[in-house]
Amino acid sequence: MEKTRSVDFGALTLKDALDLATLVEEEAKDRYEELGDQMEIHHNPEAATFFRWMRRIESKHEDQLAMRRAELFGTAPRTVRREMIFDIEAPEYDEARAAMTVREALGAALRSEEKAFAFFDAAVSQVRDAAVRALFEELRADEAEHQRLVQAEIDKLPPDPLVRADDEGDEPVAQ
Amino acid sequence: MTTSPTLPTFQAKDFKSDLKPIWCPGCGDFGVVQAIYRALSAVGRPPHEIAFVSGIGCSSRIPGYTTAYGFNSVHGRALPIAQGIKLANPDLLVLVAGGDGDGFSIGGGHVPHAIRRNMDLTYIVMDNQIYGLTKGQLSPTSPKGLKTVTSEYGSLEEAVNPLLYVLAYGANFVAQGTPADMAGLADIIERAIRYPGFSFVNVQSPCVTFGEEEQQVKAHRANMKTLASVGHDATSRIAAMDLAQQYGRTLHTGVFYENPTPPTTMDGLVRERQQAQVGEAKPRARVLERFIQK
Amino acid sequence: MSDLVIGMAGSGGDGIVSAGESLISSAAYEGYYAMMTKSFGSQVRGGESSCRVRLSTERVLNPGGTLDVAVALNWEDFLRFGAELPVSGSTVVIYESKTGVAPDKIPLVGVAPLEVFAVPIGDMAKQAAGSDKAKNTVVLGLISGWFGIPRAGILRGLAKKFARKGEELVKANEKAFELGEAFAREHPLATPRTLDPPTAGQGSKMLTDGNDMCAAASVVAGCEFFGGYPITPSTEIMQFYTREIWKYGGAVIQAEDEIAGVGAALGASFAGTKSMTATSGPGMSLKTEILGLATIAEIPLVVVNVQRGGPSTGLPTKPEQSDLFQAAFSAHGDVLRPVLAPTSVGDTFAVTVAAFNIAEHFQTPVILLSDQEVAQRKEVVDLIDTSRFEIEERRRPNATELENYARFRLTEDGISPISHPGMKGGNYQGAGIEHNEQGNPTASGKIHEKMNEKRFKKLQPLKHRKDLFRVEGNPNAPLALVSWGSIAGVAEEAYGRARAEGLDVKLMVPWLVYPIAEEVFRDFFASVKSGLVVESSYQGQFYRLLRMFTDVPGCVRSFCRSGANPIQPREIVTALRAAAVDLQHNVHQVASQD
Ligand SMILES: Cc1ncc(C[n+]2csc(CCOP(=O)(O)OP(=O)(O)O)c2C)c(N)n1
Ligand code: SF4
Ligand SMILES: [Mg+2]
């Protein structure tokens, strides 16, 4: 499905590209925050902790990109908007489940990095500005690196137990 | 902060309230509310000029997650309340939302009348083919044969087809979306809000807790067909009804029908009548004069 | 003679009700007081119909008891209304001679009327108008001629009524009227009776029924929205709105059912517009859920229930006061909902305005518990000086309150400033679910308790509103007469007669029938040893409510009967006499204990 709306990659300037990349990180950050809240509301502190950790990472990426943008373009107005992007690096809502394990949460994060990689990969082939291409190639490489990091975390974990909270937990409550 | 003059006044986040949703993680309704934020930011009306009315159900919690004036009323009665709001103040942007049970079972009788009055409202149904809030009972859109806690051996009734239902009653804007396609969903909702008259959006919004496997986002993504891709002519009600018959079998997304010449709205006509007659308005006390025998 | 009660019956085609309308509008024009009730068979058209018109030089309290004048266009139809058209030894009976019944053989068992006239009404009509359809006009001529009702007003009314249909018809009706008059002149009454001239001048009176008065009052009170569904006997209120409300920038919606009707009204009020709905018992049952929503969401709303005989479809065209329990209690959860009852067309104005003011001030649904009698009878009443009435508006948040706005803020008096869509900074979530001060959902028992307390506390001042009660008579009287709704007019007449007889009785007519104002009733009952609570229901619902919330002296009894069985002043007087005897008995007992 479409990930962006009204973004003309061919005409993207470096400023726009940096703004776009910043927004991608911001979107991911906000989503992790929401997922952390969801997990907390549904009494899943481990997954909540993980999503909040991811939130901090995405926030750091966002800040780094924003800083670069500020150095290069100061406070020149933004023309790309958050409303133009859809779940680029943000895990989809459908990834979450009330009783998900940390391993499953990591799986969601991994798929998000994969999505982001695919996005920048596709974008690289569309952009014309050389500086923008260089930026997107760099970001694509970052996403690949993030994938490796997340995968490493997954590998460290023992396999999920056979019996899941879903099976053992209380039935949902009718309201 | 500097903003470019071309940027709209409201961002999606301006419509997001501080209240944290208590929907089950994974619920389709999360995507729906996101799409609504986007659509509202595109439309550009400030939150305080929006009245968002719902009934009761998981989906009906949705107004509370927006910064609009919300009204989470009683089961099945969102449409009548919304129509009262619209007539009392036609300047408001009025959104109505709820579940399949709310809209097509207990509130089903109100739908035809909302359509024939054609007030400028947008009605969004989060159709998960199940009763979510009360824990998984049969809904009017559950497929025949579905086993639920109230249909232990499979349901014996045909499903209501919400698309055909509203098309048959004469709705002038009818669309279907899914959170599996966020951009598409935001787009449909925006168009529905902009449409001058009663507009209906059926959102296939999965219930991850009680819903069926084939009604989840993953299945949607694998099976959905955009109406554009099948070359559908959205100006033809008949073509729309033809395609709508596949509800429950093929997930078509996009605009089924959009009457290119929107008929007059009841709120518009009411305003006209008021303007025509308000000229004669007298001090209210003189309403009693008709009783004097002179 | 200061008072004249006329009862007439015929088949629908005879236009007997239309004759009654002519009589009462001419009375209003001349400056008399008057009251008119109608009664019909259950056919939509052409069935038997009857009306009672009471004309008086003084305020009319009720439709009156036995008739001074009875008009029968045919006996079958007249007899169908037996209890509603009682004939006695002081009645003048006028009937169509074509019925072939001899004056000494009229089918009124066990009564010998004062005088009986067999009149060729149909023939006279034919002579005047070429058709017996003008029978009703002949009747008007007869009544005017015999009882001295000014002819000018009636002729003026007829001219107005038939003007649209052409001069010829006007002339024919004048002729029919004159033939009636002439007949009366040629056959004078053995005991002449003439209505005294009116004490007030022309143009000093209004003529209307309770439904129209209620609708008009609601407009004066600032209402601009009506949502409803047709049901007898309330529909005229909606009809009034469809004619009038546009002029005031308002709107009306005929909804698909009563739930949608009250839903739309609630929505309009949520949007900041004063609004109302009106219905009768069956519709009231459907509205119940949304009434609860209005209570918890604290949205002002006036709901009119024009009571008819119940349960279920019951007696759709007859009055009864049996929906009081429903008005007070039909709700799930802890609900306190003000219920106001008008007693006449005249006071319907003030009570309706009060209902809106209470709804707006306290942000609550208010039930205006009218009944078929009040709603559909016509009355000639004095002009109303609307400037005497203060119109209240709901409390809106000011700029300071809009900063950090909390819709359900716990205030001293329990009333929180209410915003509405369009008001910047006032955004909130209205809901049926329990909420905190900000309006966010909660399941906290502590907050629930606080909010219940708020919703109950805010209404307490109502119970001290002395203006919502009418109390008359010696404050220390040992005998009490309590009545509400339309039947209160009958009780009031009984009260007057009992006092004239020397009974030491006082009268209480509450407009606020729920919540029960404990203190007001405690004060009222302080001197009371015995008495009656008069109402028109099988259970005596108000009496039971009183007993539930106040200490009603043991000897005060319920005087009640199912609707559609009119209670007469003389029955109440008789019961009061018996209560007075009780009293002596009690006093004696008390004395012997000393
Ligand atoms: C009058 C009434 N009847 C029943 C209910 C219980 N109830 C609440 S929500 C609901 C159905 C919810 O299903 P749906 O409308 O499809 O919404 P969902 O939860 O699936 O989003 C029911 C039966 C109620 N609140 N009020
Ligand atoms: S029960 Fe279903 S519909 Fe309700 S919140 Fe959970 S997933 Fe959503
Ligand atoms: Mg549902």
# chains A, B, ... in the order shown; residues from 1 in each chain; ligands from 1
$ residues_near_ligand --ligand "ligand 3" --cutoff "10 Å" --atoms "only C-alpha atoms and all ligand atoms" --output "PyMOL selection string"
chain B and resi 57-60+98-104+125-142+204-207+210-211
$ residues_around --residues "Leu251 of chain B" --least-positions-apart "4" --cutoff "10 Å" --atoms "only C-alpha atoms" --output "ChimeraX atom specification"
/B:176-178,204,215,219-227,244,246-247
$ closest_residue --among "C:Val109, C:Ala260, C:Ala443, C:Val252" --to "chain B" --atoms "only C-alpha atoms"
C:Ala260
$ closest_residue --among "C:Leu114, C:Ala268, C:Leu142, C:Cys223" --to "chain B" --atoms "only C-alpha atoms"
C:Ala268
$ interface_residues --of "chain C" --to "chain B" --cutoff "7 Å" --atoms "only C-alpha atoms" --output "number ranges by chain"
C: 25, 28-29, 203, 205-208, 216, 219-220, 246-249, 251, 256, 260, 263-268, 270-271, 273, 386, 421-424, 427-432
$ residues_around --residues "Val509 of chain C" --least-positions-apart "6" --cutoff "9 Å" --atoms "only C-alpha atoms" --output "compact mmCIF listing (two decimals) with all heavy atoms, in the first residue's frame"
# COMPACT_ATOMS: atom_id res chain seq x y z
N THR C 343 -52.45 22.32 35.60
CA THR C 343 -53.79 21.89 36.01
C THR C 343 -54.86 22.41 35.07
O THR C 343 -56.00 22.02 35.17
CB THR C 343 -54.12 22.38 37.44
OG1 THR C 343 -54.28 23.81 37.40
CG2 THR C 343 -53.03 22.02 38.42
N LEU C 468 -44.06 26.96 43.25
CA LEU C 468 -44.48 25.79 42.49
C LEU C 468 -45.61 25.03 43.19
O LEU C 468 -45.92 23.90 42.83
CB LEU C 468 -43.28 24.86 42.25
CG LEU C 468 -42.15 25.48 41.41
CD1 LEU C 468 -40.97 24.54 41.30
CD2 LEU C 468 -42.65 25.88 40.02
N PHE C 469 -46.18 25.69 44.20
CA PHE C 469 -47.30 25.08 44.94
C PHE C 469 -48.37 26.14 45.15
O PHE C 469 -48.05 27.29 45.41
CB PHE C 469 -46.83 24.57 46.31
CG PHE C 469 -45.69 23.61 46.20
CD1 PHE C 469 -44.39 24.07 46.12
CD2 PHE C 469 -45.93 22.25 46.12
CE1 PHE C 469 -43.33 23.20 45.97
CE2 PHE C 469 -44.87 21.37 45.96
CZ PHE C 469 -43.58 21.84 45.90
N ARG C 470 -49.60 25.72 45.07
CA ARG C 470 -50.67 26.65 45.39
C ARG C 470 -51.34 26.16 46.66
O ARG C 470 -51.82 25.03 46.71
CB ARG C 470 -51.67 26.67 44.24
CG ARG C 470 -52.32 28.02 44.13
CD ARG C 470 -53.22 28.09 42.94
NE ARG C 470 -54.57 28.25 43.40
CZ ARG C 470 -55.61 27.67 42.86
NH1 ARG C 470 -55.45 26.86 41.83
NH2 ARG C 470 -56.80 27.88 43.34
N VAL C 471 -51.34 27.00 47.67
CA VAL C 471 -51.98 26.62 48.93
C VAL C 471 -53.02 27.67 49.26
O VAL C 471 -52.75 28.86 49.17
CB VAL C 471 -50.93 26.54 50.06
CG1 VAL C 471 -51.60 26.15 51.38
CG2 VAL C 471 -49.85 25.53 49.71
N GLU C 472 -54.22 27.22 49.59
CA GLU C 472 -55.29 28.19 49.91
C GLU C 472 -56.05 27.75 51.13
O GLU C 472 -56.12 26.57 51.45
CB GLU C 472 -56.26 28.30 48.73
CG GLU C 472 -55.57 28.98 47.59
CD GLU C 472 -56.51 29.65 46.62
OE1 GLU C 472 -57.73 29.66 46.86
OE2 GLU C 472 -55.98 30.15 45.62
N LEU C 481 -57.37 19.18 51.37
CA LEU C 481 -57.72 18.68 50.05
C LEU C 481 -56.50 18.89 49.18
O LEU C 481 -56.02 20.02 49.02
CB LEU C 481 -58.92 19.46 49.53
CG LEU C 481 -59.56 18.98 48.24
CD1 LEU C 481 -59.97 17.51 48.35
CD2 LEU C 481 -60.79 19.83 47.93
N VAL C 482 -55.96 17.79 48.66
CA VAL C 482 -54.76 17.87 47.81
C VAL C 482 -55.13 17.30 46.45
O VAL C 482 -55.78 16.26 46.37
CB VAL C 482 -53.60 17.04 48.41
CG1 VAL C 482 -52.36 17.12 47.52
CG2 VAL C 482 -53.29 17.49 49.82
N SER C 483 -54.75 17.99 45.41
CA SER C 483 -55.01 17.45 44.09
C SER C 483 -54.03 18.03 43.09
O SER C 483 -53.45 19.09 43.33
CB SER C 483 -56.45 17.74 43.66
OG SER C 483 -56.75 17.02 42.47
N TRP C 484 -53.85 17.35 41.97
CA TRP C 484 -52.87 17.80 40.97
C TRP C 484 -53.41 17.53 39.58
O TRP C 484 -54.37 16.79 39.40
CB TRP C 484 -51.53 17.10 41.18
CG TRP C 484 -51.55 15.62 40.91
CD1 TRP C 484 -52.08 14.64 41.70
CD2 TRP C 484 -51.04 14.95 39.75
NE1 TRP C 484 -51.94 13.42 41.11
CE2 TRP C 484 -51.29 13.57 39.91
CE3 TRP C 484 -50.40 15.38 38.59
CZ2 TRP C 484 -50.91 12.62 38.96
CZ3 TRP C 484 -50.02 14.43 37.64
CH2 TRP C 484 -50.27 13.06 37.84
N GLY C 485 -52.79 18.13 38.58
CA GLY C 485 -53.19 17.89 37.19
C GLY C 485 -54.59 18.39 36.92
O GLY C 485 -55.15 19.20 37.67
N ALA C 488 -57.40 18.78 39.47
CA ALA C 488 -57.31 19.80 40.51
C ALA C 488 -58.38 20.87 40.34
O ALA C 488 -58.84 21.47 41.32
CB ALA C 488 -55.91 20.44 40.52
N GLU C 492 -60.74 22.04 43.22
CA GLU C 492 -60.82 23.43 43.64
C GLU C 492 -62.28 23.88 43.77
O GLU C 492 -62.64 24.60 44.70
CB GLU C 492 -60.07 24.33 42.65
CG GLU C 492 -59.91 25.74 43.19
CD GLU C 492 -59.21 26.67 42.22
OE1 GLU C 492 -58.52 26.19 41.29
OE2 GLU C 492 -59.35 27.89 42.40
$ select_by_dssp --residues "segment 65-178 of chain B" --states "alpha helix (DSSP H)" --output "list of chain:residue names"
B:Ala78, B:Leu79, B:Pro80, B:Ile81, B:Ala82, B:Gln83, B:Gly84, B:Ile85, B:Lys86, B:Leu87, B:Ala88, B:Asp100, B:Gly101, B:Val111, B:Pro112, B:His113, B:Ala114, B:Ile115, B:Arg116, B:Arg117, B:Pro162, B:Leu163, B:Leu164, B:Tyr165, B:Val166, B:Leu167, B:Ala168
$ closest_residue --among "A:Asp30, A:Glu143, A:Asp160, A:Asp37" --to "chain B" --atoms "only C-alpha atoms"
A:Asp37
